[in-house]
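Asks: Here it is, the structure, as structure tokens.
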Amino acid sequence: MNQSHPRTIRVVVVGISIAFTVLSFSSPASAQNIFSDVGLAVPVGNNPLSVALGDVDLDGDLDIVTSSDFGANIRLGDGQGGFSVTGPDIGIGNCDFVTLGDVDSDGDLDLVTLTQVLTVHLNDGTGLFDPIGFSVPVGSNPEEVSLADVDGDGDLDIICANRGSGTCSIRLGDGSGGFASTGQDVPAGTDAVTFGDVDLDGDLDFVSVGSNPLTGSVSVRTNDGSGNFVAVFPEIVIPAGPMDVELADLDGDGDLDLVTANGNTSSCSVRLGDGSGSFAATGQEVMVESLTLSLALGDVDGDAITDLVTANLWDLTCSVRLGVGDGSFQPTGQNVPIGPTTTTFSLNFTTAVALGDVNGDARLDLVATHIAGFFADVAAVRLNVSARFRRGDANDDGSVDVADPIFTLTYLFGGGSLSCHDAADVNDDGALDVADPVYGLAYLFGSGPPPPEPLAVCDSDPTPDPLACFESTACP
């Protein structure tokens with residue numbers, strides 16, 4: 001617990017004079033559970049290596065799509081965190097990757113799969129996909145595909161990372177579901193690829209990663225606005241062997257930063273961007289529980305700061321590392337159990353992770369693919385259980401009254417415990433000190449403004465700050 005220098009002040013609230021020594025505290029690093037340790041195990045096909053979330057049947061909630069040895073497995077959601085145990089699967093054989101996007105501009109999500117070829121499966125709007133689809137020629141041994149509008153014409157285009165040919169193939173879409181049979185094949189990393197405007201010029205650039213048993217690198221390829229990509233910046237060496245990459249503004253400066261999931265060490269590498277398309281050569285190495293092939297970025301604790309979640313290959317967990325807001329992540333955090341520790345063939349791999357609100361409570365939940373062997377592979381669903389609270393309800397009794405400032409003062413002067421520091425931060429300045437009960441008393445006695453939200457209803461903290469809410473029993 002950090003403590004500021006004490007000083008003595010006198011405060012008068014509605015004729016009550018109180019003298020005390022001011023102590024100011026900041027919350028310790030958050031260790032609360034963001035996700036439930038248990039949850040659904042949704043059966044899917046053998047060897048699920050990737051997972052995508054999207055509303056494929058247009059009923060307003062998220063569905064699960066995974067790759068498998070059978071093809072693509074679709075599990076429809078019920079909007080409350082449940083999923084079907086079977087679905088309108090697509091039997092296309094060994095499928096390594098799936099992604100979703102509306103490629104024909106008809107308002108529903110279509111499916112793109114990777115086997116040894118890239119295939120587009122159009123959706124009829126009910127979650128039924130064309131089981132045969134049509135192929136789009138790309139490079140050899142396609143590894144991962146992303147969809148984005150790279151030429152600014154309003155429809156989705158394809159970029160496919162091809163491990164065999166060492167290129168990323170760009171295939172422009174026509175907006176009706178068709179794609180060019182030829183296009184630019186850009187030398188770049190070929191294990192994973194993602195889009196983002198890294199140079200702030202209004203068009204989408206791509207970042208990809210490639211690794212080998214000894215090292216790896218990140219490729220940045222900038223867009224000229226028409227869907228042509230060039231290598232302006234040198235490769236960024238990541239010795240830990242990057243296998244996945246995502247982009248987000250981690251430090252709040254308005255430009256994109258990158259995070260890689262590393263296959264040679266139990267870590268993720270953070271490299272901050274400068275807005276020109278260049279990224280730092282070094283940065284934080286965030287330790288997780290195992291080698292990882294997949295990561296997801298999102299605000300999982302509701303503080304408006306991007307957090308990191310990884311699928312830990314050997315550990316049967318997903319690591320959660322909360323963002324600090326300055327471009328770094330907390331060094332430790334929750335490691336969410338994903339599956340049983342033993343199976344018939346002792347296969348236990350966590351291969352991919354995605355984030356999305358599967359139960360409609362406006363919080364990001366976790367879905368991860370788990371290879372257990374012997375037809376026991378699943379998509380594991382872990383619901384978000386991060387604490388919600390009412391600001392001012394320091395004693396967690398469900399109401400905001402004079403007992404709360406007294407409770408906070410008792411805590412500040414060394415008596416009792418406080419499970420939700422955010423609730424006691426009545427003035428929402430990111431610090432827990434005597435100004436908070438003073439603010440609360442002024443509000444309760446009618447001489448001060450109401451505390452910032454969440455006040456009327458239970459919710460997560462909308463303001464980025466270092467405080468934590470480990471539990472609020474009054475706000476389930």
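Identifiers for the structure tokens are assigned positionally: chains receive A, B, ... in sequence, residues are indexed from 1 per chain, and ligands are indexed from 1 in the order shown.
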Give me, as a list in words, the residues of stretch 374-465 of chain A that a backbone DSSP run labels helix (DSSP H, G or I).
Replies: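 Matching residues for helix (DSSP H, G or I) in stretch 374-465 of chain A are Ala403, Asp404, Pro405, Ile406, Phe407, Thr408, Leu409, Thr410, Tyr411, Leu412, His421, Asp422, Ala423, Ala424, Ala435, Asp436, Pro437, Val438, Tyr439, Gly440, Leu441, Ala442, Tyr443 and Leu444 of chain A.
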Asks: Write the selection just made, keeping N, CA and C atoms, as a PDB file, in the first residue's frame?
Replies:
ATOM      1  N   ALA A 403     -23.427   5.918   6.661  1.00  0.00           N
ATOM      2  CA  ALA A 403     -22.561   4.838   7.142  1.00  0.00           C
ATOM      3  C   ALA A 403     -21.365   4.627   6.226  1.00  0.00           C
ATOM      4  N   ASP A 404     -21.482   5.017   4.961  1.00  0.00           N
ATOM      5  CA  ASP A 404     -20.385   4.785   4.015  1.00  0.00           C
ATOM      6  C   ASP A 404     -19.183   5.703   4.266  1.00  0.00           C
ATOM      7  N   PRO A 405     -19.362   7.026   4.443  1.00  0.00           N
ATOM      8  CA  PRO A 405     -18.188   7.849   4.786  1.00  0.00           C
ATOM      9  C   PRO A 405     -17.538   7.415   6.096  1.00  0.00           C
ATOM     10  N   ILE A 406     -18.339   7.002   7.076  1.00  0.00           N
ATOM     11  CA  ILE A 406     -17.771   6.520   8.342  1.00  0.00           C
ATOM     12  C   ILE A 406     -16.945   5.264   8.099  1.00  0.00           C
ATOM     13  N   PHE A 407     -17.462   4.366   7.266  1.00  0.00           N
ATOM     14  CA  PHE A 407     -16.746   3.126   6.939  1.00  0.00           C
ATOM     15  C   PHE A 407     -15.406   3.440   6.273  1.00  0.00           C
ATOM     16  N   THR A 408     -15.429   4.396   5.323  1.00  0.00           N
ATOM     17  CA  THR A 408     -14.198   4.756   4.618  1.00  0.00           C
ATOM     18  C   THR A 408     -13.183   5.391   5.565  1.00  0.00           C
ATOM     19  N   LEU A 409     -13.628   6.294   6.446  1.00  0.00           N
ATOM     20  CA  LEU A 409     -12.716   6.908   7.401  1.00  0.00           C
ATOM     21  C   LEU A 409     -12.102   5.863   8.329  1.00  0.00           C
ATOM     22  N   THR A 410     -12.903   4.914   8.757  1.00  0.00           N
ATOM     23  CA  THR A 410     -12.386   3.834   9.603  1.00  0.00           C
ATOM     24  C   THR A 410     -11.304   3.058   8.873  1.00  0.00           C
ATOM     25  N   TYR A 411     -11.556   2.763   7.597  1.00  0.00           N
ATOM     26  CA  TYR A 411     -10.566   2.030   6.803  1.00  0.00           C
ATOM     27  C   TYR A 411      -9.277   2.847   6.645  1.00  0.00           C
ATOM     28  N   LEU A 412      -9.422   4.125   6.316  1.00  0.00           N
ATOM     29  CA  LEU A 412      -8.243   4.956   6.072  1.00  0.00           C
ATOM     30  C   LEU A 412      -7.367   5.089   7.309  1.00  0.00           C
ATOM     31  N   HIS A 421     -12.373  -0.631  -3.708  1.00  0.00           N
ATOM     32  CA  HIS A 421     -11.809   0.706  -3.578  1.00  0.00           C
ATOM     33  C   HIS A 421     -12.506   1.698  -4.505  1.00  0.00           C
ATOM     34  N   ASP A 422     -12.938   1.222  -5.677  1.00  0.00           N
ATOM     35  CA  ASP A 422     -13.624   2.116  -6.611  1.00  0.00           C
ATOM     36  C   ASP A 422     -14.906   2.674  -6.004  1.00  0.00           C
ATOM     37  N   ALA A 423     -15.638   1.855  -5.259  1.00  0.00           N
ATOM     38  CA  ALA A 423     -16.877   2.327  -4.644  1.00  0.00           C
ATOM     39  C   ALA A 423     -16.610   3.426  -3.625  1.00  0.00           C
ATOM     40  N   ALA A 424     -15.484   3.336  -2.920  1.00  0.00           N
ATOM     41  CA  ALA A 424     -15.142   4.335  -1.908  1.00  0.00           C
ATOM     42  C   ALA A 424     -14.516   5.589  -2.496  1.00  0.00           C
ATOM     43  N   ALA A 435     -10.666  13.031   1.142  1.00  0.00           N
ATOM     44  CA  ALA A 435     -11.545  13.852   0.319  1.00  0.00           C
ATOM     45  C   ALA A 435     -12.789  13.084  -0.127  1.00  0.00           C
ATOM     46  N   ASP A 436     -12.696  11.766  -0.159  1.00  0.00           N
ATOM     47  CA  ASP A 436     -13.843  10.968  -0.602  1.00  0.00           C
ATOM     48  C   ASP A 436     -14.983  10.965   0.414  1.00  0.00           C
ATOM     49  N   PRO A 437     -14.751  10.660   1.689  1.00  0.00           N
ATOM     50  CA  PRO A 437     -15.866  10.762   2.633  1.00  0.00           C
ATOM     51  C   PRO A 437     -16.373  12.195   2.786  1.00  0.00           C
ATOM     52  N   VAL A 438     -15.501  13.183   2.660  1.00  0.00           N
ATOM     53  CA  VAL A 438     -15.948  14.571   2.707  1.00  0.00           C
ATOM     54  C   VAL A 438     -16.907  14.857   1.546  1.00  0.00           C
ATOM     55  N   TYR A 439     -16.551  14.420   0.354  1.00  0.00           N
ATOM     56  CA  TYR A 439     -17.391  14.584  -0.829  1.00  0.00           C
ATOM     57  C   TYR A 439     -18.738  13.886  -0.611  1.00  0.00           C
ATOM     58  N   GLY A 440     -18.663  12.654  -0.067  1.00  0.00           N
ATOM     59  CA  GLY A 440     -19.884  11.891   0.175  1.00  0.00           C
ATOM     60  C   GLY A 440     -20.801  12.548   1.184  1.00  0.00           C
ATOM     61  N   LEU A 441     -20.234  13.076   2.271  1.00  0.00           N
ATOM     62  CA  LEU A 441     -21.043  13.758   3.281  1.00  0.00           C
ATOM     63  C   LEU A 441     -21.696  15.013   2.712  1.00  0.00           C
ATOM     64  N   ALA A 442     -20.942  15.755   1.910  1.00  0.00           N
ATOM     65  CA  ALA A 442     -21.506  16.963   1.306  1.00  0.00           C
ATOM     66  C   ALA A 442     -22.690  16.603   0.407  1.00  0.00           C
ATOM     67  N   TYR A 443     -22.573  15.517  -0.336  1.00  0.00           N
ATOM     68  CA  TYR A 443     -23.678  15.073  -1.199  1.00  0.00           C
ATOM     69  C   TYR A 443     -24.877  14.634  -0.369  1.00  0.00           C
ATOM     70  N   LEU A 444     -24.629  13.859   0.668  1.00  0.00           N
ATOM     71  CA  LEU A 444     -25.722  13.323   1.471  1.00  0.00           C
ATOM     72  C   LEU A 444     -26.483  14.413   2.218  1.00  0.00           C
TER      73      LEU A 444
END
Asks: Would you list the contacts of stretch 143-145 of chain A as JSON, numbers by chain, taking every protein, DNA or RNA residue within 9 Å and counting only C-alpha atoms, but skipping same-chain residues closer than 6 positions in sequence?
Replies: {"A": [96, 97, 98, 99, 112, 113, 114, 115, 116, 118, 158, 159, 160, 161, 162, 163, 164, 190, 191, 192, 193, 194]}
Asks: Include N, CA and C atoms and write out the residues we just selected as an mmCIF file, in the first residue's frame.
Replies:
data_model
loop_
_atom_site.group_PDB
_atom_site.id
_atom_site.type_symbol
_atom_site.label_atom_id
_atom_site.label_comp_id
_atom_site.auth_asym_id
_atom_site.auth_seq_id
_atom_site.Cartn_x
_atom_site.Cartn_y
_atom_site.Cartn_z
ATOM 1 N N ASP A 96 -7.808 -25.233 -40.820
ATOM 2 C CA ASP A 96 -6.878 -24.674 -39.833
ATOM 3 C C ASP A 96 -7.272 -23.302 -39.322
ATOM 4 N N PHE A 97 -8.127 -22.582 -40.069
ATOM 5 C CA PHE A 97 -8.431 -21.209 -39.663
ATOM 6 C C PHE A 97 -9.788 -20.807 -40.201
ATOM 7 N N VAL A 98 -10.508 -20.006 -39.379
ATOM 8 C CA VAL A 98 -11.805 -19.457 -39.803
ATOM 9 C C VAL A 98 -11.866 -17.985 -39.435
ATOM 10 N N THR A 99 -12.578 -17.214 -40.240
ATOM 11 C CA THR A 99 -12.874 -15.826 -39.911
ATOM 12 C C THR A 99 -14.204 -15.450 -40.540
ATOM 13 N N VAL A 112 -14.991 -17.400 -44.115
ATOM 14 C CA VAL A 112 -13.812 -17.713 -44.910
ATOM 15 C C VAL A 112 -13.005 -18.764 -44.153
ATOM 16 N N THR A 113 -12.671 -19.853 -44.833
ATOM 17 C CA THR A 113 -11.930 -20.954 -44.215
ATOM 18 C C THR A 113 -10.608 -21.177 -44.936
ATOM 19 N N LEU A 114 -9.657 -21.721 -44.180
ATOM 20 C CA LEU A 114 -8.371 -22.125 -44.759
ATOM 21 C C LEU A 114 -8.173 -23.611 -44.536
ATOM 22 N N THR A 115 -8.031 -24.347 -45.627
ATOM 23 C CA THR A 115 -7.517 -25.722 -45.603
ATOM 24 C C THR A 115 -6.163 -25.629 -46.296
ATOM 25 N N GLN A 116 -5.974 -26.328 -47.367
ATOM 26 C CA GLN A 116 -4.823 -26.034 -48.219
ATOM 27 C C GLN A 116 -5.171 -24.941 -49.226
ATOM 28 N N LEU A 118 -7.954 -21.308 -49.771
ATOM 29 C CA LEU A 118 -8.838 -20.344 -49.144
ATOM 30 C C LEU A 118 -10.207 -20.454 -49.807
ATOM 31 N N ILE A 158 -9.422 -9.347 -48.982
ATOM 32 C CA ILE A 158 -8.727 -10.450 -48.321
ATOM 33 C C ILE A 158 -7.241 -10.146 -48.227
ATOM 34 N N ILE A 159 -6.662 -10.447 -47.073
ATOM 35 C CA ILE A 159 -5.217 -10.579 -46.976
ATOM 36 C C ILE A 159 -4.946 -11.928 -46.320
ATOM 37 N N CYS A 160 -4.105 -12.712 -46.958
ATOM 38 C CA CYS A 160 -3.835 -14.071 -46.494
ATOM 39 C C CYS A 160 -2.338 -14.273 -46.320
ATOM 40 N N ALA A 161 -1.945 -14.683 -45.122
ATOM 41 C CA ALA A 161 -0.537 -14.979 -44.836
ATOM 42 C C ALA A 161 -0.241 -16.406 -45.281
ATOM 43 N N ASN A 162 0.748 -16.555 -46.159
ATOM 44 C CA ASN A 162 1.066 -17.845 -46.769
ATOM 45 C C ASN A 162 2.444 -18.313 -46.326
ATOM 46 N N ARG A 163 2.469 -19.323 -45.468
ATOM 47 C CA ARG A 163 3.749 -19.775 -44.930
ATOM 48 C C ARG A 163 4.630 -20.379 -46.008
ATOM 49 N N GLY A 164 4.033 -21.126 -46.932
ATOM 50 C CA GLY A 164 4.830 -21.803 -47.953
ATOM 51 C C GLY A 164 5.529 -20.857 -48.890
ATOM 52 N N THR A 190 4.503 -14.545 -42.065
ATOM 53 C CA THR A 190 3.412 -15.368 -42.596
ATOM 54 C C THR A 190 2.748 -16.268 -41.559
ATOM 55 N N ASP A 191 2.922 -16.006 -40.264
ATOM 56 C CA ASP A 191 2.234 -16.810 -39.256
ATOM 57 C C ASP A 191 0.898 -16.208 -38.853
ATOM 58 N N ALA A 192 0.784 -14.888 -38.860
ATOM 59 C CA ALA A 192 -0.454 -14.212 -38.498
ATOM 60 C C ALA A 192 -0.424 -12.819 -39.097
ATOM 61 N N VAL A 193 -1.625 -12.250 -39.331
ATOM 62 C CA VAL A 193 -1.708 -10.940 -39.965
ATOM 63 C C VAL A 193 -2.928 -10.213 -39.429
ATOM 64 N N THR A 194 -2.790 -8.884 -39.294
ATOM 65 C CA THR A 194 -3.908 -8.057 -38.855
ATOM 66 C C THR A 194 -3.807 -6.694 -39.511
#
Asks: Residues at most 9 Å from A:Asp151, counting only C-alpha atoms, excluding those fewer than 6 positions away in the same chain, as a PDB file with N, CA, C and O atoms, in the first residue's frame?
Replies:
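The resulting part.pdb:
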ATOM      1  N   ASP A 157     -11.961  -6.818 -48.420  1.00  0.00           N
ATOM      2  CA  ASP A 157     -10.905  -7.458 -49.209  1.00  0.00           C
ATOM      3  C   ASP A 157     -10.214  -8.504 -48.345  1.00  0.00           C
ATOM      4  O   ASP A 157     -10.386  -8.553 -47.128  1.00  0.00           O
ATOM      5  N   LEU A 172      -8.581  -8.263 -53.809  1.00  0.00           N
ATOM      6  CA  LEU A 172      -9.606  -7.239 -53.650  1.00  0.00           C
ATOM      7  C   LEU A 172     -10.998  -7.803 -53.900  1.00  0.00           C
ATOM      8  O   LEU A 172     -11.202  -8.584 -54.834  1.00  0.00           O
ATOM      9  N   ASP A 203      -5.979   5.158 -44.209  1.00  0.00           N
ATOM     10  CA  ASP A 203      -6.217   3.850 -44.826  1.00  0.00           C
ATOM     11  C   ASP A 203      -5.633   2.746 -43.953  1.00  0.00           C
ATOM     12  O   ASP A 203      -4.874   3.004 -43.018  1.00  0.00           O
ATOM     13  N   LEU A 204      -5.991   1.523 -44.257  1.00  0.00           N
ATOM     14  CA  LEU A 204      -5.593   0.389 -43.434  1.00  0.00           C
ATOM     15  C   LEU A 204      -4.285  -0.218 -43.924  1.00  0.00           C
ATOM     16  O   LEU A 204      -4.150  -0.605 -45.092  1.00  0.00           O
ATOM     17  N   ASN A 223      -0.020   1.093 -46.561  1.00  0.00           N
ATOM     18  CA  ASN A 223      -0.945   1.130 -47.694  1.00  0.00           C
ATOM     19  C   ASN A 223      -0.859   2.485 -48.374  1.00  0.00           C
ATOM     20  O   ASN A 223      -0.816   3.520 -47.703  1.00  0.00           O
ATOM     21  N   ASP A 224      -0.890   2.487 -49.711  1.00  0.00           N
ATOM     22  CA  ASP A 224      -0.884   3.770 -50.418  1.00  0.00           C
ATOM     23  C   ASP A 224      -2.287   4.332 -50.608  1.00  0.00           C
ATOM     24  O   ASP A 224      -2.468   5.365 -51.255  1.00  0.00           O
ATOM     25  N   GLY A 225      -3.289   3.650 -50.046  1.00  0.00           N
ATOM     26  CA  GLY A 225      -4.669   4.104 -50.136  1.00  0.00           C
ATOM     27  C   GLY A 225      -5.485   3.363 -51.170  1.00  0.00           C
ATOM     28  O   GLY A 225      -6.724   3.421 -51.146  1.00  0.00           O
ATOM     29  N   SER A 226      -4.813   2.669 -52.067  1.00  0.00           N
ATOM     30  CA  SER A 226      -5.523   1.929 -53.106  1.00  0.00           C
ATOM     31  C   SER A 226      -5.411   0.419 -52.931  1.00  0.00           C
ATOM     32  O   SER A 226      -5.833  -0.338 -53.806  1.00  0.00           O
ATOM     33  N   GLY A 227      -4.829   0.005 -51.803  1.00  0.00           N
ATOM     34  CA  GLY A 227      -4.671  -1.423 -51.562  1.00  0.00           C
ATOM     35  C   GLY A 227      -3.338  -1.975 -52.004  1.00  0.00           C
ATOM     36  O   GLY A 227      -3.158  -3.192 -52.050  1.00  0.00           O
ATOM     37  N   ASN A 228      -2.388  -1.092 -52.296  1.00  0.00           N
ATOM     38  CA  ASN A 228      -1.017  -1.507 -52.596  1.00  0.00           C
ATOM     39  C   ASN A 228      -0.154  -1.273 -51.359  1.00  0.00           C
ATOM     40  O   ASN A 228      -0.194  -0.197 -50.767  1.00  0.00           O
TER      41      ASN A 228
END
Asks: Please provide the set of residues having any atom within 7 Å of A:Val186, restricted to only C-alpha atoms, with same-chain residues fewer than 6 positions apart removed, written as a list in words.
Replies: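 That gives Thr167, Cys168 and Ser169 of chain A.
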Asks: As an exercise, work out the distance from atom CA of A:Asn47 to atom CA of A:Ala372 in Å and give it to one decimal place.
Replies: 8.5 Å
Asks: Have a look at atom CA of A:Gly183 and atom CA of A:Asn141 and let me know their distance in Å, one decimal.
Replies: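 Taking atom CA of A:Gly183 and atom CA of A:Asn141, their separation equals 17.1 Å.
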Asks: Under the rule of at most 12 Å, produce a per-residue listing of stretch 44-87 of chain A near stretch 309-317 of chain A: chain, number, name, the closest pair of atoms, and the distance in Å, as CSV, using only C-alpha atoms.
Replies:
residue,atom,partner,partner_atom,distance
A:Leu49,CA,A:Leu313,CA,10.8
A:Ser50,CA,A:Ala311,CA,10.7
A:Val51,CA,A:Ala311,CA,11.3
Asks: Using backbone DSSP assignments, extract all strand (DSSP E) residues from stretch 175-259 of chain A; output them as a PyMOL selection string.
Replies: chain A and resi 185-187+192-196+205-211+216-223+229-230+236-237+242-248+257-259
Asks: Would you write out those residues with N, CA and C atoms, as a CSV table (one decimal), in the first residue's frame?
Replies:
chain,number,residue,atom,x,y,z
A,185,ASP,N,1.2,-9.9,-54.0
A,185,ASP,CA,1.7,-10.9,-53.1
A,185,ASP,C,3.0,-10.3,-52.4
A,186,VAL,N,2.8,-9.8,-51.1
A,186,VAL,CA,3.8,-9.0,-50.5
A,186,VAL,C,4.7,-9.9,-49.6
A,187,PRO,N,6.0,-9.8,-49.8
A,187,PRO,CA,6.9,-10.5,-48.9
A,187,PRO,C,6.7,-10.0,-47.5
A,192,ALA,N,0.8,-14.9,-38.9
A,192,ALA,CA,-0.5,-14.2,-38.5
A,192,ALA,C,-0.4,-12.8,-39.1
A,193,VAL,N,-1.6,-12.2,-39.3
A,193,VAL,CA,-1.7,-10.9,-40.0
A,193,VAL,C,-2.9,-10.2,-39.4
A,194,THR,N,-2.8,-8.9,-39.3
A,194,THR,CA,-3.9,-8.1,-38.9
A,194,THR,C,-3.8,-6.7,-39.5
A,195,PHE,N,-4.9,-6.0,-39.5
A,195,PHE,CA,-5.0,-4.6,-40.1
A,195,PHE,C,-5.1,-3.5,-39.1
A,196,GLY,N,-4.7,-2.3,-39.5
A,196,GLY,CA,-4.9,-1.1,-38.7
A,196,GLY,C,-4.2,0.0,-39.4
A,205,ASP,N,-3.3,-0.3,-43.0
A,205,ASP,CA,-2.1,-1.0,-43.3
A,205,ASP,C,-2.1,-2.4,-42.7
A,206,PHE,N,-1.1,-3.2,-43.0
A,206,PHE,CA,-1.1,-4.5,-42.3
A,206,PHE,C,0.2,-4.8,-41.6
A,207,VAL,N,0.0,-5.5,-40.5
A,207,VAL,CA,1.1,-6.0,-39.7
A,207,VAL,C,1.0,-7.5,-39.6
A,208,SER,N,2.2,-8.2,-39.8
A,208,SER,CA,2.2,-9.6,-39.8
A,208,SER,C,3.4,-10.1,-39.0
A,209,VAL,N,3.4,-11.3,-38.6
A,209,VAL,CA,4.5,-11.9,-37.8
A,209,VAL,C,4.9,-13.2,-38.5
A,210,GLY,N,6.2,-13.5,-38.3
A,210,GLY,CA,6.8,-14.7,-38.8
A,210,GLY,C,7.8,-15.2,-37.8
A,211,SER,N,7.9,-16.5,-37.6
A,211,SER,CA,8.9,-17.0,-36.6
A,211,SER,C,9.6,-18.3,-37.1
A,216,GLY,N,12.2,-14.5,-34.5
A,216,GLY,CA,11.1,-14.1,-35.3
A,216,GLY,C,11.1,-12.6,-35.5
A,217,SER,N,10.1,-12.1,-36.3
A,217,SER,CA,10.0,-10.7,-36.5
A,217,SER,C,8.6,-10.3,-36.8
A,218,VAL,N,8.4,-8.9,-36.8
A,218,VAL,CA,7.1,-8.3,-37.2
A,218,VAL,C,7.4,-7.5,-38.4
A,219,SER,N,6.5,-7.7,-39.4
A,219,SER,CA,6.5,-7.0,-40.7
A,219,SER,C,5.4,-5.9,-40.6
A,220,VAL,N,5.8,-4.7,-41.0
A,220,VAL,CA,4.9,-3.6,-41.1
A,220,VAL,C,4.8,-3.2,-42.6
A,221,ARG,N,3.7,-3.2,-43.2
A,221,ARG,CA,3.5,-2.9,-44.6
A,221,ARG,C,2.4,-1.8,-44.7
A,222,THR,N,2.8,-0.6,-45.2
A,222,THR,CA,1.9,0.5,-45.3
A,222,THR,C,1.2,0.6,-46.6
A,223,ASN,N,0.0,1.1,-46.6
A,223,ASN,CA,-0.9,1.1,-47.7
A,223,ASN,C,-0.9,2.5,-48.4
A,229,PHE,N,0.6,-2.3,-51.0
A,229,PHE,CA,1.4,-2.2,-49.8
A,229,PHE,C,2.9,-2.2,-50.0
A,230,VAL,N,3.6,-1.5,-49.2
A,230,VAL,CA,5.1,-1.4,-49.4
A,230,VAL,C,5.7,-1.5,-48.0
A,236,ILE,N,10.9,-5.7,-37.4
A,236,ILE,CA,11.1,-5.6,-35.9
A,236,ILE,C,11.4,-6.9,-35.4
A,237,VAL,N,12.6,-7.1,-34.9
A,237,VAL,CA,13.0,-8.4,-34.4
A,237,VAL,C,12.4,-8.7,-33.0
A,242,PRO,N,7.3,-14.6,-32.4
A,242,PRO,CA,5.9,-14.3,-32.4
A,242,PRO,C,5.1,-15.2,-33.3
A,243,MET,N,3.9,-15.6,-32.8
A,243,MET,CA,3.0,-16.5,-33.5
A,243,MET,C,1.7,-15.8,-33.8
A,244,ASP,N,1.4,-14.7,-33.1
A,244,ASP,CA,0.1,-14.0,-33.4
A,244,ASP,C,0.4,-12.5,-33.1
A,245,VAL,N,-0.4,-11.6,-33.6
A,245,VAL,CA,-0.2,-10.2,-33.4
A,245,VAL,C,-1.6,-9.5,-33.4
A,246,GLU,N,-1.7,-8.5,-32.6
A,246,GLU,CA,-2.9,-7.6,-32.6
A,246,GLU,C,-2.5,-6.2,-32.3
A,247,LEU,N,-3.3,-5.3,-32.8
A,247,LEU,CA,-3.1,-3.8,-32.7
A,247,LEU,C,-4.1,-3.2,-31.8
A,248,ALA,N,-3.7,-2.2,-31.0
A,248,ALA,CA,-4.6,-1.4,-30.2
A,248,ALA,C,-3.8,-0.2,-29.7
A,257,ASP,N,-0.5,0.6,-31.2
A,257,ASP,CA,0.6,-0.2,-30.7
A,257,ASP,C,0.4,-1.6,-31.0
A,258,LEU,N,1.4,-2.5,-30.9
A,258,LEU,CA,1.3,-3.9,-31.2
A,258,LEU,C,1.7,-4.8,-30.1
A,259,VAL,N,1.0,-5.9,-30.0
A,259,VAL,CA,1.4,-7.0,-29.1
A,259,VAL,C,1.5,-8.3,-29.8
Asks: Any idea what the distance is between atom CA of A:Val56 and atom CA of A:Gly39?
Replies: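 About the pair atom CA of A:Val56 and atom CA of A:Gly39: they are 22.5 Å apart.
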Asks: Which residue, A:Gly283, A:Gly360, A:Gly277, A:Gly327, has the smallest gap to A:Pro234 when you use only C-alpha atoms?
Replies: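 Result for the nearest residue to A:Pro234: A:Gly277.
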Asks: Tell me which protein, DNA and RNA residues are within 10 Å of A:Leu455, counting only C-alpha atoms, leaving out same-chain ones fewer than 3 positions away, and put them as an MDAnalysis selection string.
Replies: chainID A and resid 389:393 399:400 423 426 450:452 458:459
Asks: Go ahead and write the residues just picked, N, CA and C atoms, as an mmCIF file, in the first residue's frame.
Replies:
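Written out: out.cif:
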data_model
loop_
_atom_site.group_PDB
_atom_site.id
_atom_site.type_symbol
_atom_site.label_atom_id
_atom_site.label_comp_id
_atom_site.auth_asym_id
_atom_site.auth_seq_id
_atom_site.Cartn_x
_atom_site.Cartn_y
_atom_site.Cartn_z
ATOM 1 N N PHE A 389 -20.184 -2.077 -9.241
ATOM 2 C CA PHE A 389 -20.368 -1.413 -7.949
ATOM 3 C C PHE A 389 -21.221 -0.167 -8.111
ATOM 4 N N ARG A 390 -21.649 0.406 -6.966
ATOM 5 C CA ARG A 390 -22.279 1.723 -6.924
ATOM 6 C C ARG A 390 -21.326 2.674 -6.206
ATOM 7 N N ARG A 391 -21.011 3.777 -6.864
ATOM 8 C CA ARG A 391 -20.063 4.709 -6.259
ATOM 9 C C ARG A 391 -20.670 5.315 -4.993
ATOM 10 N N GLY A 392 -19.878 5.284 -3.922
ATOM 11 C CA GLY A 392 -20.323 5.785 -2.631
ATOM 12 C C GLY A 392 -20.742 4.702 -1.665
ATOM 13 N N ASP A 393 -21.065 3.500 -2.196
ATOM 14 C CA ASP A 393 -21.483 2.391 -1.327
ATOM 15 C C ASP A 393 -20.241 1.672 -0.810
ATOM 16 N N SER A 399 -26.779 0.423 -0.374
ATOM 17 C CA SER A 399 -27.310 1.778 -0.319
ATOM 18 C C SER A 399 -26.170 2.753 -0.037
ATOM 19 N N VAL A 400 -26.375 4.010 -0.443
ATOM 20 C CA VAL A 400 -25.397 5.071 -0.191
ATOM 21 C C VAL A 400 -25.961 5.958 0.909
ATOM 22 N N ALA A 423 -15.638 1.855 -5.259
ATOM 23 C CA ALA A 423 -16.877 2.327 -4.644
ATOM 24 C C ALA A 423 -16.610 3.426 -3.625
ATOM 25 N N VAL A 426 -15.298 8.277 -3.979
ATOM 26 C CA VAL A 426 -16.561 8.968 -4.247
ATOM 27 C C VAL A 426 -16.381 10.108 -5.244
ATOM 28 N N PRO A 450 -23.723 15.184 -6.765
ATOM 29 C CA PRO A 450 -23.723 13.727 -6.640
ATOM 30 C C PRO A 450 -22.400 13.141 -7.122
ATOM 31 N N PRO A 451 -22.037 11.986 -6.617
ATOM 32 C CA PRO A 451 -20.829 11.314 -7.114
ATOM 33 C C PRO A 451 -20.979 10.949 -8.584
ATOM 34 N N PRO A 452 -19.879 10.844 -9.300
ATOM 35 C CA PRO A 452 -19.940 10.397 -10.698
ATOM 36 C C PRO A 452 -20.477 8.971 -10.792
ATOM 37 N N CYS A 458 -25.760 -0.422 -10.570
ATOM 38 C CA CYS A 458 -24.469 -1.100 -10.526
ATOM 39 C C CYS A 458 -23.849 -1.141 -11.916
ATOM 40 N N ASP A 459 -22.560 -0.848 -12.014
ATOM 41 C CA ASP A 459 -21.864 -0.917 -13.291
ATOM 42 C C ASP A 459 -20.375 -0.924 -13.029
#
